[in-house]
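Participant: Attaching a single structure in structure tokens format; questions to follow.
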Amino acid sequence: VEKMDENEWKYHGEGNQSLVVSHCQRCVVLRFLKFPPNQNKTPEEILHHLQNIVDFGKHVMKQFFGENYVHHGEIIQLPLDFVRQLCLKIQPERPECRCDKDMDTLSGYAMCLPNLTRLQTFRFAEHRPILCIEIKPKCGFIPFSSHVSQEIKHKVCRYCMHQHLKVANGKWKRPSKYCPLDLFSGNKQRMHFALKSLLQEAQNNLKIFKNGELIYGCKDDQDSVSDWNELARHLKPFFFPSNGLVSGPHCTRTIVKELIHVITTALLSSTDTCRAGDMKTVPISQGRSYCEASAFNKELVRNGKHKLESSGLPRGCLLYKTLQAQMLDMLDIEGLYPLYSRVEQYLEEFPEERSTLQIDGPYNEAFYEKLLDLSLEDDGTVAFALTKVQQYRIAMTAKDCSIMIALSTCLQDECSEQRPVVLTSKSRFTFSVSVLDLDLKPYESIPHQYKLDGEIVNYYLKNVQAKDDPVMSNLFKENEDCTLVLHKV
């Protein structure tokens with residue numbers, strides 16, 4: 001990496017804490033930390049921060065998701081001149097909303113990771129076009145905790161409620177029809193509906209790359225029909241290589257349908273034979289398997305049909321493992337917040353104990369072992385409270401992770417039983433599935449999550465539920481009698 005010219009790298013994207021650049025030819029990315037302009041961190045502090053990220057992926061998240069799904073990367077040190085020149089090169093490409101923080105150019109430390117948009121699993125596919133779909137599925141279950149104070153949280157999922165608050169705050173112009181519970185249901189009909197909804201209103205939950213270049217990531221003000229036509233133009237060589245399909249709306253719909261089939265198959269597949277740790281599973285049967293605000297569910301009600309039961313996810317697939325990690329949030333934020341307050345009170349009295357409690361790491365095997373206790377019997381101790389707080393942080397990390405599905409066409413004689421393959425009407429693909437965005441959610445973010453949860457629920461109750469009850473309101477309106485009353489004038 002040290003000998004590479006900064007012009008061989010390009011801006012790839014960024015999150016709240018880091019910025020990523022990718023190499024134009026090689027399948028690697030560099031991830032740099034970023035901070036507010038006046039927040040100076042020593043090289044030692046930055047190295048420690050990066051090491052925590054690597055250790056958390058290596059010793060904790062790999063236990064939940066499996067060896068093949070998690071790529072924790074390694075820390076490297078780069079020449080400072082190279083880093084500064086790289087920063088100057090990519091600065092014009094950064095979105096304005098992200099420029100409140102600066103890329104770390106003082107330490108020289110970065111994480112080197114595989115570029116999962118171009119991940120090559122098999123040598124024969126190295127020089128073939130690669131298609132990659134990135135999905136941020138969000139939380140796939142409805143709270144089952146007895147600590148929930150508002151009944152609506154037992155009926156409508158967090159994502160569907162949050163959509164309305166985001167629209168009210170101006171982040172999006174309209175709510176998405178996507179509901180995470182449909183995607184996590186394991187029912188192909190519901191999964192297809194969820195993926196189609198994501199393609200219609202991608203927001204920041206879906207992106208599609210071709211050879212590492214972003215080709216689809218719907219912005220709110222874009223026309224979804226024209227986006228689909230442009231997407232179909234990119235995808236046609238993958239799904240219909242003979243070019244025998246005519247163009248037009250029918251072609252676009254067919255290609256999108258094929259894409260959804262491939263994504264669904266990949267999501268339900270198990271490409272990791274590794275047993276994911278010793279974690280006892282949280283029963284998925286707890287709580288309901290559908291969301292009353294789901295557009296799919298509403299359509300069933302309008303048509304007078306019974307709700308489709310969840311088909312269930314295969315235990316080895318990444319969606320199942322993601323859902324299990326999410327369901328470590330067993331108390332909901334309402335039950336968790338008092339336990340967080342208990343830990344905070346303890347730290348106020350004994351601040352020197354923060355390192356002993358491993359709140360800021362190290363994230364090693366001992367940290368993981370403490371997560372295995374799924375007991376909900378509160379004995380009033382700080383140890384119990386801390387375990388639930390750490391499990392909640394893991395759950396929040398899993399709720400915000402991204403799934404990457406990399407696809408490459410393969411010929412029939414290149415396919416074998418060892419390679420995962422998905423068939424379409426005219427093509428066959430080999431694929432790999434990975435998970436990223438697995439940084440542990442900050443301990444300090446818990447009060448914000450508690451406040452946000454209240455805002456989401458209160459807004460939904462006051463502005464949405466009364467106007468659009470998913471079941472009873474519509475049925476009542478359809479059956480009520482209308483009487484015309486005449487008054488003398």
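Convention: chains lettered A, B, ... in structure tokens order; per-chain residue numbering from 1; ligands numbered from 1 as shown.
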Out of region 25-77 of chain A, which residues get alpha helix (DSSP H) from DSSP, as a ChimeraX atom specification?

Facilitator: /A:43-56,62-65

Participant: DSSP on the backbone, then: every residue of region 142-377 of chain A marked strand (DSSP E), written as a list of chain:residue names.

Facilitator: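 Answer for region 142-377 of chain A restricted to strand (DSSP E) is A:Leu206, A:Lys207, A:Ile208, A:Phe209, A:Lys210, A:Glu213, A:Leu214, A:Ile215, A:Tyr216.
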
Participant: Considering only C-alpha atoms, can you say which of A:Ala385, A:Val148, A:Leu106, A:Ala293 comes closest to Tyr178 (chain A)?

Facilitator: A:Ala293

Participant: Mind checking which residues fall within 8 Å of Arg288 (chain A), counting only C-alpha atoms, ignoring those fewer than 3 positions away in the same chain, and posting them as an NGL selection string?

Facilitator: :A and (141-142 or 154-155 or 285 or 291)

Participant: Restricted to N, CA, C and O atoms, what would the selected residues look like written as a compact mmCIF listing (two decimals), in the first residue's frame?

Facilitator:
```
# COMPACT_ATOMS: atom_id res chain seq x y z
N PHE A 141 -37.79 -7.70 14.22
CA PHE A 141 -38.79 -8.26 15.14
C PHE A 141 -39.48 -7.13 15.89
O PHE A 141 -39.00 -6.00 15.96
N ILE A 142 -40.64 -7.46 16.44
CA ILE A 142 -41.41 -6.52 17.26
C ILE A 142 -41.12 -6.82 18.74
O ILE A 142 -41.06 -8.00 19.12
N HIS A 154 -46.14 -3.29 20.44
CA HIS A 154 -46.34 -4.73 20.28
C HIS A 154 -47.05 -5.06 18.96
O HIS A 154 -47.26 -6.23 18.65
N LYS A 155 -47.44 -4.02 18.21
CA LYS A 155 -48.19 -4.23 16.97
C LYS A 155 -47.48 -3.70 15.72
O LYS A 155 -47.59 -4.28 14.65
N SER A 285 -40.15 -17.25 18.32
CA SER A 285 -41.60 -17.32 18.48
C SER A 285 -42.12 -16.25 19.44
O SER A 285 -43.32 -15.97 19.46
N CYS A 291 -46.15 -7.14 11.13
CA CYS A 291 -46.33 -5.76 11.58
C CYS A 291 -47.63 -5.24 11.00
O CYS A 291 -47.87 -5.36 9.79
```

Participant: Check which residues of region 280-395 of chain A sit at most 9 Å from region 443-465 of chain A using only C-alpha atoms, and return one row each with the closest pair of atoms and their distance in Å to one decimal, ordered by chain and rising number, as JSON lines.

Facilitator:
```
{"residue": "A:Ile333", "atom": "CA", "partner": "A:Tyr450", "partner_atom": "CA", "distance": 5.9}
{"residue": "A:Glu334", "atom": "CA", "partner": "A:Tyr450", "partner_atom": "CA", "distance": 7.0}
{"residue": "A:Leu336", "atom": "CA", "partner": "A:Ile446", "partner_atom": "CA", "distance": 8.9}
{"residue": "A:Tyr337", "atom": "CA", "partner": "A:Tyr450", "partner_atom": "CA", "distance": 6.9}
{"residue": "A:Tyr340", "atom": "CA", "partner": "A:Ile446", "partner_atom": "CA", "distance": 7.7}
{"residue": "A:Ile359", "atom": "CA", "partner": "A:Tyr443", "partner_atom": "CA", "distance": 7.2}
{"residue": "A:Asp360", "atom": "CA", "partner": "A:Tyr443", "partner_atom": "CA", "distance": 8.2}
{"residue": "A:Val389", "atom": "CA", "partner": "A:Tyr443", "partner_atom": "CA", "distance": 8.1}
{"residue": "A:Gln390", "atom": "CA", "partner": "A:Tyr443", "partner_atom": "CA", "distance": 8.2}
{"residue": "A:Arg393", "atom": "CA", "partner": "A:Tyr443", "partner_atom": "CA", "distance": 7.1}
```

Participant: What separation in Å, quoted to one decimal, exists between CA of Ala325 (chain A) and CA of Glu67 (chain A)?

Facilitator: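 Computing it gives 15.3 Å between the two atoms.
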
Participant: Please provide as JSON, numbers by chain all residues within 10 Å of Tyr320 (chain A), with the sequence filter that same-chain residues fewer than 5 positions apart are discarded (counting only C-alpha atoms).

Facilitator: {"A": [65, 140, 184, 185, 186, 267, 268, 270, 284, 312, 313, 314, 315, 325, 326]}

Participant: Could you tell me how far CA of Leu47 (chain A) lies from CA of Tyr363 (chain A), in Å and to one decimal?

Facilitator: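 Pair CA of Leu47 (chain A) / CA of Tyr363 (chain A) returns 14.5 Å.
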